[in-house]
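Written out below as structure tokens is the structure these notes cover.
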Amino acid sequence: MAYDVNGTTVEHDEEGYITNLSDWTKELAEVIAKEENVEMTDEHWEVVNFLREYYDEYQIAPAIRVLVKAMKKKFGPEKGNNKYLYELFPYGPAKQACKIAGLPKPTGCV
Amino acid sequence: MSEGVKKFLYVNRKAPHGTIYALEALEVVLIGAAFEQDVELAFLDDGVFQLVKGWDTKDLGSKNFAPTYMALGDFEVTKVFVEKESLDERGLTADDLMELMYEDEDDDWAEKPSIRIVSREEMARIMAANDVILSF
């Protein structure tokens with residue numbers, strides 16, 4: 001299974017998470033988002049970029065509770081809440097946004 | 001404490017490399033914490049080496065999970081007990097350990113240290129006070 005990014009193929013697992021984390025590009029993110037029926041806006045990118053920075057620092061994807069708390073701290077309570085994040089990523093912010101960000105499935109995500 | 005929340009203590013006794021125990025323990029801890037269980041960690045025997053700062057696994061060809069310990073605070077794992085006798089026996093002091101911090105949301109996000117050095121005797125009391133003890 002693979003995504004097609006302008007003719008380049010990028011392998012992914014049965015749930016759509018990319019196999020090799022270093023394959024990620026912004027173009028790939030747009031392709032994954034399309035598969036997920038998510039239209040990427042600046043607000044979406046804010047979360048995706050945040051997740052990538054988090055992973056870079058801790059080598060782990062944050063659980064939803066952790067993401068909410070960290071977003072609240074960085075962007076304030078109007079963005080650091082479940083409702084806001086679920087509006088951006090209806091199928092689970094941690095899960096869906098991590099997939100678009102090219103990270104592994106978050107620890108503790110069922 | 002709300003109904004259904006149990007106190008979990010994860011006991012780490014093994015060095016970070018050579019076996020999968022340390023990494024597996026850390027992942028289980030983060031999963032437990034994501035489900036809002038009350039999680040405490042204990043490091044004793046060779047387990048104290050897991051918290052020594054500056055290690056990485058580049059030459060071992062395995063995932064470098066040293067930075068992941070720094071995420072424990074975000075997952076609200078704020079009680080990390082390290083046994084003093086185990087440090088002493090290995091020529092280590094508190095200064096050799098990573099600075100694990102957590103931010104106290106109720107105290108204007110003040111950064112506070114998560115690691116507490118405890119004696120063997122205190123460690124026994126901590127173990128007795130938990131509902132579930134998982135040893136790695």
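Letters A, B, ... mark the chains of the structure tokens in the order given; residue numbers begin at 1 per chain; ligand numbers begin at 1, in order shown.
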Please check the contacts: residues of chain A at most 12 Å away from chain B, using only C-alpha atoms, listed as a PyMOL selection string. chain A and resi 54-74+94+106-110
Could you take the residues named above and write them with N, CA and C atoms, as a PDB file, in the first residue's frame?
ATOM      1  N   TYR A  54       6.730  18.208  18.361  1.00  0.00           N
ATOM      2  CA  TYR A  54       6.639  17.417  19.588  1.00  0.00           C
ATOM      3  C   TYR A  54       7.363  16.086  19.415  1.00  0.00           C
ATOM      4  N   TYR A  55       7.123  15.456  18.264  1.00  0.00           N
ATOM      5  CA  TYR A  55       7.756  14.158  18.004  1.00  0.00           C
ATOM      6  C   TYR A  55       9.271  14.303  17.912  1.00  0.00           C
ATOM      7  N   ASP A  56       9.689  15.365  17.264  1.00  0.00           N
ATOM      8  CA  ASP A  56      11.108  15.623  17.105  1.00  0.00           C
ATOM      9  C   ASP A  56      11.792  15.735  18.469  1.00  0.00           C
ATOM     10  N   GLU A  57      11.107  16.391  19.386  1.00  0.00           N
ATOM     11  CA  GLU A  57      11.710  16.600  20.700  1.00  0.00           C
ATOM     12  C   GLU A  57      11.659  15.350  21.576  1.00  0.00           C
ATOM     13  N   TYR A  58      10.530  14.649  21.576  1.00  0.00           N
ATOM     14  CA  TYR A  58      10.345  13.553  22.536  1.00  0.00           C
ATOM     15  C   TYR A  58      10.342  12.159  21.924  1.00  0.00           C
ATOM     16  N   GLN A  59      10.407  12.048  20.599  1.00  0.00           N
ATOM     17  CA  GLN A  59      10.388  10.749  19.928  1.00  0.00           C
ATOM     18  C   GLN A  59       9.121   9.960  20.230  1.00  0.00           C
ATOM     19  N   ILE A  60       8.036  10.702  20.445  1.00  0.00           N
ATOM     20  CA  ILE A  60       6.775  10.040  20.741  1.00  0.00           C
ATOM     21  C   ILE A  60       5.652  10.986  20.312  1.00  0.00           C
ATOM     22  N   ALA A  61       4.546  10.394  19.841  1.00  0.00           N
ATOM     23  CA  ALA A  61       3.384  11.213  19.502  1.00  0.00           C
ATOM     24  C   ALA A  61       2.569  11.416  20.780  1.00  0.00           C
ATOM     25  N   PRO A  62       2.083  12.625  21.028  1.00  0.00           N
ATOM     26  CA  PRO A  62       1.349  12.845  22.273  1.00  0.00           C
ATOM     27  C   PRO A  62      -0.035  12.213  22.239  1.00  0.00           C
ATOM     28  N   ALA A  63      -0.514  11.741  23.380  1.00  0.00           N
ATOM     29  CA  ALA A  63      -1.897  11.288  23.502  1.00  0.00           C
ATOM     30  C   ALA A  63      -2.787  12.528  23.424  1.00  0.00           C
ATOM     31  N   ILE A  64      -4.072  12.328  23.113  1.00  0.00           N
ATOM     32  CA  ILE A  64      -4.978  13.443  22.912  1.00  0.00           C
ATOM     33  C   ILE A  64      -4.992  14.410  24.109  1.00  0.00           C
ATOM     34  N   ARG A  65      -5.017  13.840  25.300  1.00  0.00           N
ATOM     35  CA  ARG A  65      -5.045  14.676  26.505  1.00  0.00           C
ATOM     36  C   ARG A  65      -3.803  15.577  26.573  1.00  0.00           C
ATOM     37  N   VAL A  66      -2.680  14.992  26.190  1.00  0.00           N
ATOM     38  CA  VAL A  66      -1.422  15.728  26.231  1.00  0.00           C
ATOM     39  C   VAL A  66      -1.409  16.813  25.152  1.00  0.00           C
ATOM     40  N   LEU A  67      -1.956  16.446  23.979  1.00  0.00           N
ATOM     41  CA  LEU A  67      -2.026  17.403  22.879  1.00  0.00           C
ATOM     42  C   LEU A  67      -2.880  18.610  23.270  1.00  0.00           C
ATOM     43  N   VAL A  68      -4.033  18.342  23.853  1.00  0.00           N
ATOM     44  CA  VAL A  68      -4.938  19.424  24.259  1.00  0.00           C
ATOM     45  C   VAL A  68      -4.235  20.366  25.239  1.00  0.00           C
ATOM     46  N   LYS A  69      -3.571  19.766  26.207  1.00  0.00           N
ATOM     47  CA  LYS A  69      -2.900  20.563  27.231  1.00  0.00           C
ATOM     48  C   LYS A  69      -1.775  21.414  26.620  1.00  0.00           C
ATOM     49  N   ALA A  70      -1.000  20.781  25.736  1.00  0.00           N
ATOM     50  CA  ALA A  70       0.126  21.492  25.138  1.00  0.00           C
ATOM     51  C   ALA A  70      -0.357  22.603  24.204  1.00  0.00           C
ATOM     52  N   MET A  71      -1.453  22.346  23.474  1.00  0.00           N
ATOM     53  CA  MET A  71      -2.020  23.366  22.581  1.00  0.00           C
ATOM     54  C   MET A  71      -2.535  24.549  23.395  1.00  0.00           C
ATOM     55  N   LYS A  72      -3.137  24.222  24.523  1.00  0.00           N
ATOM     56  CA  LYS A  72      -3.686  25.248  25.408  1.00  0.00           C
ATOM     57  C   LYS A  72      -2.567  26.167  25.877  1.00  0.00           C
ATOM     58  N   LYS A  73      -1.456  25.554  26.187  1.00  0.00           N
ATOM     59  CA  LYS A  73      -0.338  26.344  26.685  1.00  0.00           C
ATOM     60  C   LYS A  73       0.245  27.217  25.578  1.00  0.00           C
ATOM     61  N   LYS A  74       0.359  26.644  24.370  1.00  0.00           N
ATOM     62  CA  LYS A  74       1.014  27.377  23.287  1.00  0.00           C
ATOM     63  C   LYS A  74       0.086  28.382  22.617  1.00  0.00           C
ATOM     64  N   ALA A  94      -5.673  13.357  17.554  1.00  0.00           N
ATOM     65  CA  ALA A  94      -4.357  12.748  17.714  1.00  0.00           C
ATOM     66  C   ALA A  94      -4.117  11.781  16.549  1.00  0.00           C
ATOM     67  N   PRO A 106      -0.428   7.335  17.731  1.00  0.00           N
ATOM     68  CA  PRO A 106      -0.064   7.740  19.085  1.00  0.00           C
ATOM     69  C   PRO A 106      -0.169   6.605  20.089  1.00  0.00           C
ATOM     70  N   THR A 107       0.719   6.612  21.044  1.00  0.00           N
ATOM     71  CA  THR A 107       0.715   5.630  22.131  1.00  0.00           C
ATOM     72  C   THR A 107      -0.575   5.781  22.930  1.00  0.00           C
ATOM     73  N   GLY A 108      -1.242   4.679  23.155  1.00  0.00           N
ATOM     74  CA  GLY A 108      -2.465   4.726  23.960  1.00  0.00           C
ATOM     75  C   GLY A 108      -3.677   5.124  23.162  1.00  0.00           C
ATOM     76  N   CYS A 109      -3.546   5.072  21.842  1.00  0.00           N
ATOM     77  CA  CYS A 109      -4.662   5.444  20.968  1.00  0.00           C
ATOM     78  C   CYS A 109      -5.348   4.168  20.527  1.00  0.00           C
ATOM     79  N   VAL A 110      -6.673   4.067  20.819  1.00  0.00           N
ATOM     80  CA  VAL A 110      -7.355   2.814  20.460  1.00  0.00           C
ATOM     81  C   VAL A 110      -8.197   2.946  19.202  1.00  0.00           C
TER      82      VAL A 110
END
Output as JSON, numbers by chain all residues of stretch 13-77 of chain A that backbone DSSP marks as helix (DSSP H, G or I). {"A": [21, 22, 23, 26, 27, 28, 29, 30, 31, 32, 33, 34, 35, 42, 43, 44, 45, 46, 47, 48, 49, 50, 51, 52, 53, 54, 55, 56, 57, 58, 64, 65, 66, 67, 68, 69, 70, 71, 72, 73, 74, 75]}
What does the structure give for the distance between atom CA of A:Glu11 and atom CA of B:Glu24, in Å to one decimal?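 Separating atom CA of A:Glu11 from atom CA of B:Glu24 is a distance of 26.0 Å.
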Take atom CA of B:Glu122 and atom CA of B:Val82 and report the distance between them in Å, one decimal.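 Interatomic distance here is 10.4 Å.
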Would you kindly return, as a PyMOL selection string, each protein, DNA or RNA residue with an atom no farther than 12 Å from any atom of A:Lys26, considering only C-alpha atoms and excluding same-chain residues fewer than 4 positions away? chain A and resi 5+22+30-33+40+45+48-49+52+100-102
Which residues are near A:Met1? Cut-off 9 Å, only C-alpha atoms, ignore same chain within fewer than 4 positions. Put them as a PDB file with N, CA and C atoms, in the first residue's frame.
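What follows is the written file selection_30.pdb:
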ATOM      1  N   VAL A  10       4.943   6.449  -1.722  1.00  0.00           N
ATOM      2  CA  VAL A  10       5.360   6.432  -0.313  1.00  0.00           C
ATOM      3  C   VAL A  10       4.562   5.340   0.395  1.00  0.00           C
ATOM      4  N   GLU A  11       5.286   4.346   0.931  1.00  0.00           N
ATOM      5  CA  GLU A  11       4.644   3.182   1.563  1.00  0.00           C
ATOM      6  C   GLU A  11       3.901   3.569   2.838  1.00  0.00           C
ATOM      7  N   HIS A  12       2.749   2.920   3.033  1.00  0.00           N
ATOM      8  CA  HIS A  12       2.057   3.105   4.320  1.00  0.00           C
ATOM      9  C   HIS A  12       1.484   1.785   4.808  1.00  0.00           C
ATOM     10  N   ASP A  13       1.113   1.741   6.104  1.00  0.00           N
ATOM     11  CA  ASP A  13       0.571   0.503   6.664  1.00  0.00           C
ATOM     12  C   ASP A  13      -0.929   0.408   6.387  1.00  0.00           C
ATOM     13  N   GLU A  14      -1.575  -0.638   6.928  1.00  0.00           N
ATOM     14  CA  GLU A  14      -2.993  -0.880   6.584  1.00  0.00           C
ATOM     15  C   GLU A  14      -3.919   0.225   7.095  1.00  0.00           C
ATOM     16  N   GLY A  16      -2.905   3.477   7.094  1.00  0.00           N
ATOM     17  CA  GLY A  16      -2.568   4.713   6.401  1.00  0.00           C
ATOM     18  C   GLY A  16      -1.403   5.488   6.992  1.00  0.00           C
TER      19      GLY A  16
END
Would you kindly return, as a ChimeraX atom specification, each protein, DNA or RNA residue with an atom no farther than 9 Å from any atom of B:Phe43, considering only C-alpha atoms and excluding same-chain residues fewer than 6 positions away? /B:10-14,49-51,80-83,86
Extract, using only C-alpha atoms, all DNA, RNA and protein residues at most 8 Å from A:Lys99, discarding same-chain residues fewer than 3 positions from it, and format them as JSON, numbers by chain. {"A": [16, 17, 18, 32, 95, 96, 102, 103, 104, 105]}
Could those selected residues go to a file with C-alpha atoms, as an mmCIF file, in the first residue's frame?
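After the write, again_20.cif holds the following:
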data_model
loop_
_atom_site.group_PDB
_atom_site.id
_atom_site.type_symbol
_atom_site.label_atom_id
_atom_site.label_comp_id
_atom_site.auth_asym_id
_atom_site.auth_seq_id
_atom_site.Cartn_x
_atom_site.Cartn_y
_atom_site.Cartn_z
ATOM 1 C CA GLY A 16 -2.568 4.713 6.401
ATOM 2 C CA TYR A 17 0.399 5.612 8.635
ATOM 3 C CA ILE A 18 3.552 5.992 6.579
ATOM 4 C CA ILE A 32 -2.949 11.999 3.144
ATOM 5 C CA LYS A 95 -4.968 9.878 15.307
ATOM 6 C CA GLN A 96 -5.862 11.790 12.159
ATOM 7 C CA GLY A 102 3.639 11.394 9.152
ATOM 8 C CA LEU A 103 4.025 10.179 12.730
ATOM 9 C CA PRO A 104 3.362 6.708 14.112
ATOM 10 C CA LYS A 105 -0.028 6.044 15.671
#
Running DSSP on the backbone, which parts of stretch 3-129 of chain B land in strand (DSSP E), as JSON, numbers by chain? {"B": [7, 8, 9, 10, 11, 12, 38, 39, 40, 41, 42, 43, 79, 80, 81, 82, 83, 101, 102, 103, 104, 110, 111, 112, 113, 115, 116, 117, 118]}
Dump N, CA and C atoms for the selected residues as a PDB file, in the first residue's frame?
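Result written to out_23.pdb:
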ATOM      1  N   LYS B   7      -4.152   3.197  41.716  1.00  0.00           N
ATOM      2  CA  LYS B   7      -2.778   3.667  41.795  1.00  0.00           C
ATOM      3  C   LYS B   7      -1.841   2.594  41.241  1.00  0.00           C
ATOM      4  N   PHE B   8      -1.162   2.949  40.145  1.00  0.00           N
ATOM      5  CA  PHE B   8      -0.239   2.020  39.501  1.00  0.00           C
ATOM      6  C   PHE B   8       1.197   2.427  39.797  1.00  0.00           C
ATOM      7  N   LEU B   9       2.002   1.462  40.158  1.00  0.00           N
ATOM      8  CA  LEU B   9       3.428   1.716  40.310  1.00  0.00           C
ATOM      9  C   LEU B   9       4.180   0.820  39.327  1.00  0.00           C
ATOM     10  N   TYR B  10       4.974   1.443  38.491  1.00  0.00           N
ATOM     11  CA  TYR B  10       5.794   0.689  37.538  1.00  0.00           C
ATOM     12  C   TYR B  10       7.219   0.654  38.080  1.00  0.00           C
ATOM     13  N   VAL B  11       7.710  -0.547  38.315  1.00  0.00           N
ATOM     14  CA  VAL B  11       9.032  -0.703  38.921  1.00  0.00           C
ATOM     15  C   VAL B  11      10.036  -1.073  37.836  1.00  0.00           C
ATOM     16  N   ASN B  12      11.039  -0.235  37.678  1.00  0.00           N
ATOM     17  CA  ASN B  12      12.065  -0.460  36.651  1.00  0.00           C
ATOM     18  C   ASN B  12      13.363  -0.898  37.309  1.00  0.00           C
ATOM     19  N   ASP B  38      -3.692   6.728  37.796  1.00  0.00           N
ATOM     20  CA  ASP B  38      -2.737   7.409  38.653  1.00  0.00           C
ATOM     21  C   ASP B  38      -1.428   6.609  38.623  1.00  0.00           C
ATOM     22  N   VAL B  39      -0.442   7.177  37.952  1.00  0.00           N
ATOM     23  CA  VAL B  39       0.780   6.429  37.663  1.00  0.00           C
ATOM     24  C   VAL B  39       1.981   6.978  38.424  1.00  0.00           C
ATOM     25  N   GLU B  40       2.693   6.064  39.081  1.00  0.00           N
ATOM     26  CA  GLU B  40       3.974   6.431  39.694  1.00  0.00           C
ATOM     27  C   GLU B  40       5.051   5.507  39.133  1.00  0.00           C
ATOM     28  N   LEU B  41       6.275   5.999  39.117  1.00  0.00           N
ATOM     29  CA  LEU B  41       7.391   5.192  38.630  1.00  0.00           C
ATOM     30  C   LEU B  41       8.428   5.010  39.728  1.00  0.00           C
ATOM     31  N   ALA B  42       9.021   3.824  39.748  1.00  0.00           N
ATOM     32  CA  ALA B  42      10.132   3.589  40.669  1.00  0.00           C
ATOM     33  C   ALA B  42      11.315   3.067  39.864  1.00  0.00           C
ATOM     34  N   PHE B  43      12.483   3.577  40.181  1.00  0.00           N
ATOM     35  CA  PHE B  43      13.706   3.105  39.535  1.00  0.00           C
ATOM     36  C   PHE B  43      14.644   2.599  40.614  1.00  0.00           C
ATOM     37  N   LYS B  79       5.408  11.701  39.521  1.00  0.00           N
ATOM     38  CA  LYS B  79       6.082  11.101  40.675  1.00  0.00           C
ATOM     39  C   LYS B  79       7.011   9.990  40.224  1.00  0.00           C
ATOM     40  N   VAL B  80       8.289  10.319  40.206  1.00  0.00           N
ATOM     41  CA  VAL B  80       9.314   9.378  39.763  1.00  0.00           C
ATOM     42  C   VAL B  80      10.266   9.165  40.936  1.00  0.00           C
ATOM     43  N   PHE B  81      10.194   7.989  41.542  1.00  0.00           N
ATOM     44  CA  PHE B  81      11.007   7.708  42.717  1.00  0.00           C
ATOM     45  C   PHE B  81      12.266   6.946  42.325  1.00  0.00           C
ATOM     46  N   VAL B  82      13.401   7.420  42.788  1.00  0.00           N
ATOM     47  CA  VAL B  82      14.670   6.760  42.499  1.00  0.00           C
ATOM     48  C   VAL B  82      15.299   6.371  43.836  1.00  0.00           C
ATOM     49  N   GLU B  83      15.713   5.121  43.933  1.00  0.00           N
ATOM     50  CA  GLU B  83      16.247   4.634  45.205  1.00  0.00           C
ATOM     51  C   GLU B  83      17.696   5.062  45.419  1.00  0.00           C
ATOM     52  N   MET B 101      10.980  17.179  34.435  1.00  0.00           N
ATOM     53  CA  MET B 101      10.157  18.248  35.010  1.00  0.00           C
ATOM     54  C   MET B 101       8.702  18.058  34.602  1.00  0.00           C
ATOM     55  N   TYR B 102       7.825  18.629  35.365  1.00  0.00           N
ATOM     56  CA  TYR B 102       6.439  18.732  34.918  1.00  0.00           C
ATOM     57  C   TYR B 102       5.964  20.150  35.186  1.00  0.00           C
ATOM     58  N   GLU B 103       4.931  20.556  34.441  1.00  0.00           N
ATOM     59  CA  GLU B 103       4.396  21.898  34.609  1.00  0.00           C
ATOM     60  C   GLU B 103       3.095  21.807  35.381  1.00  0.00           C
ATOM     61  N   ASP B 104       3.030  22.554  36.457  1.00  0.00           N
ATOM     62  CA  ASP B 104       1.847  22.515  37.304  1.00  0.00           C
ATOM     63  C   ASP B 104       0.833  23.533  36.781  1.00  0.00           C
ATOM     64  N   ALA B 110       4.103  26.450  36.517  1.00  0.00           N
ATOM     65  CA  ALA B 110       5.440  26.455  37.117  1.00  0.00           C
ATOM     66  C   ALA B 110       6.105  25.097  36.887  1.00  0.00           C
ATOM     67  N   GLU B 111       7.381  25.119  36.519  1.00  0.00           N
ATOM     68  CA  GLU B 111       8.118  23.873  36.293  1.00  0.00           C
ATOM     69  C   GLU B 111       8.586  23.297  37.621  1.00  0.00           C
ATOM     70  N   LYS B 112       8.291  22.041  37.823  1.00  0.00           N
ATOM     71  CA  LYS B 112       8.694  21.397  39.070  1.00  0.00           C
ATOM     72  C   LYS B 112       9.369  20.070  38.766  1.00  0.00           C
ATOM     73  N   PRO B 113      10.350  19.688  39.563  1.00  0.00           N
ATOM     74  CA  PRO B 113      11.042  18.415  39.300  1.00  0.00           C
ATOM     75  C   PRO B 113      10.168  17.212  39.635  1.00  0.00           C
ATOM     76  N   ILE B 115      11.542  13.974  39.754  1.00  0.00           N
ATOM     77  CA  ILE B 115      12.341  12.932  40.406  1.00  0.00           C
ATOM     78  C   ILE B 115      12.466  13.189  41.908  1.00  0.00           C
ATOM     79  N   ARG B 116      12.204  12.159  42.662  1.00  0.00           N
ATOM     80  CA  ARG B 116      12.450  12.237  44.103  1.00  0.00           C
ATOM     81  C   ARG B 116      13.345  11.074  44.501  1.00  0.00           C
ATOM     82  N   ILE B 117      14.442  11.414  45.146  1.00  0.00           N
ATOM     83  CA  ILE B 117      15.359  10.370  45.613  1.00  0.00           C
ATOM     84  C   ILE B 117      14.847   9.883  46.973  1.00  0.00           C
ATOM     85  N   VAL B 118      14.626   8.584  47.072  1.00  0.00           N
ATOM     86  CA  VAL B 118      14.083   8.043  48.321  1.00  0.00           C
ATOM     87  C   VAL B 118      14.964   6.899  48.821  1.00  0.00           C
TER      88      VAL B 118
END
From the options A:Cys98, A:Val47, A:Val38, A:Leu88, which residue's atoms come nearest to A:Leu21, counting only C-alpha atoms?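 The closest residue to A:Leu21 is A:Cys98.
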Have a look at atom CA of A:Asn20 and atom CA of B:Trp55 and let me know their distance in Å, one decimal.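 Atom CA of B:Trp55 lies at a distance of 24.1 Å from atom CA of A:Asn20.
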